[in-house]
Structures are given as C-alpha cells and as structure tokens.
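For reference, the structure discussed in these notes is given below.
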Amino acid sequence: MSLYIEIPAEFFREAREKCHPDVECPALLFGRGNAVETWRWVENKTASATQFAIDPEEMYRHLREAEERGLQLLAIFHTHPGPPIPSAVDVRHMKLWRVVWVVTDVYSWQSAAWIWDNRPKPVEIKQRRQPEADDAPA
C-alpha cells in the first residue's frame with residue numbers, strides 16, 4: 001500500500017507568499033481520508049529560523065473547530081532553511097503527533113512528507129488543483 005496525502009496546490013502557492021527564511025512557518029492541515037480540505041496558519045512561538053512551536057491553546061482551538069466540521073488533523077506543515085527532511089526535533093514530535101509531517105525547503109520550495117513508523121517513513125505528496133469555474137459541468 002502506497003502512503004500519500006493530497007494537498008491543494010493553492011496551499012503551496014499560499015505558503016510561497018506567506019513563508020520567509022527568517023522564521024519557520026507552520027500550518028495545520030485538516031481534511032478527510034487522505035485529502036486536505038482546509039488549513040490554518042499558526043504562529044511560530046519560537047520565532048526561530050530552525051525550529052517551531054505552536055501555542056497549545058491555539059492548537060486545541062483549531063483541532064476543536066475542525067472536529068466540529070467533521071475534519072481530522074491530517075498533517076503538520078513547516079518550512080526548513082534547507083532540505084525537506086525531518087530534524088531531530090521534528091522526529092521527537094513526530095512520535096507524539098502521529099500524522100503526516102510536510103517539510104518544505106523555504107529556498108527551493110521542494111517539499112517532502114513523512115510519517116513516523118519506527119522511523120520517519122516517506123509519504124507521497126499529490127498536489128490537487130482546485131477546480132476552476134470553467135471546469136464545472138454544464
């Protein structure tokens with residue numbers, strides 16, 4: 001069985017506009033099954049270029065709102081100032097948050113996804129484009 005996550009291309013466009021090298025840029029990705037439907041950008045409480053932390057109250061609020069809409073936390077996204085591989089800190093947190101971790105190099109915009117399975121295991125990212133108005137059936 002192939003592991004994958006479907007993420008709207010719009011999310012990555014938004015990340016390019018929002019995220020910068022001076023601070024790791026985290027987001028929570030919510031959806032159903034393997035398909036991300038919505039996301040919430042969250043503040044990096046460390047204001048660091050090499051690590052991030054999310055306020056527990058902010059995390060709880062977004063998780064509760066998603067649950068009320070019938071959505072699950074599918075992935076945690078953040079940028080790195082280098083290759084999109086989990087850092088030692090990421091690995092420690094992956095063991096606690098058993099969801100997909102999407103890491104993006106903030107310079108090249110190359111992305112990779114990982115999930116903890118006794119080690120970081122690669123997950124395929126499938127970018128899904130949003131349907132255009134012209135794509136709607138007549």
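Every chain in the structure tokens has a letter given in the order shown (A, B, ...), and although residue numbers restart at 1 in each chain, ligands are simply numbered from 1 in the order shown.
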What's around stretch 16-18 of chain A at 12 Å? Count only C-alpha atoms, leave out sequence neighbours fewer than 6 positions away in its own chain, and write the answer as number ranges by chain. A: 9-10, 24-27, 41-43, 78-79, 104-111
Report as a PyMOL selection string all protein, DNA and RNA residues lying within 8 Å of stretch 119-127 of chain A, evaluated on only C-alpha atoms, omitting residues in the same chain fewer than 5 positions from it. chain A and resi 2-9+86+91+100+112-114
Have a look at A:Asp22, A:Arg129, A:Arg92, A:Val103 and name the one nearest to A:Trp116; count only C-alpha atoms.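 Ranked by minimum distance to A:Trp116, first place goes to A:Arg92.
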So, with only C-alpha atoms as the atoms that count, which of A:Val23, A:Arg128, A:Phe30, A:Leu96 lies closest to A:Arg64?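 Under the stated criterion, the closest residue is A:Phe30.
Across A:Cys19, A:Gly70, A:Met59, A:Thr50, the tightest approach to A:Pro83 is made by A:Thr50 when counting only C-alpha atoms.
Here the question is which of A:Glu68, A:Ile76, A:Val36, A:Glu57 gets nearest to A:His93 using only C-alpha atoms, and that residue is A:Ile76.
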Straight-line distance linking atom CA of A:Leu28 with atom CA of A:Asn118, stated in Å to one decimal: 22.8 Å
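Within stretch 63-113 of chain A, residues classed as helix (DSSP H, G or I) by DSSP on backbone coordinates are Leu63, Arg64, Glu65, Ala66, Glu67, Glu68, Ala88, Val89, Asp90, Val91, Arg92, His93 and Met94 of chain A.
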Rounded to one decimal, what separation in Å do you get between atom CA of A:Val102 and atom CA of A:Ala75?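 Atom-to-atom, atom CA of A:Val102 to atom CA of A:Ala75, that is 6.7 Å.
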Separating atom CA of A:Ala15 from atom CA of A:Thr38, to the nearest tenth of an Å, is a gap of 13.3 Å
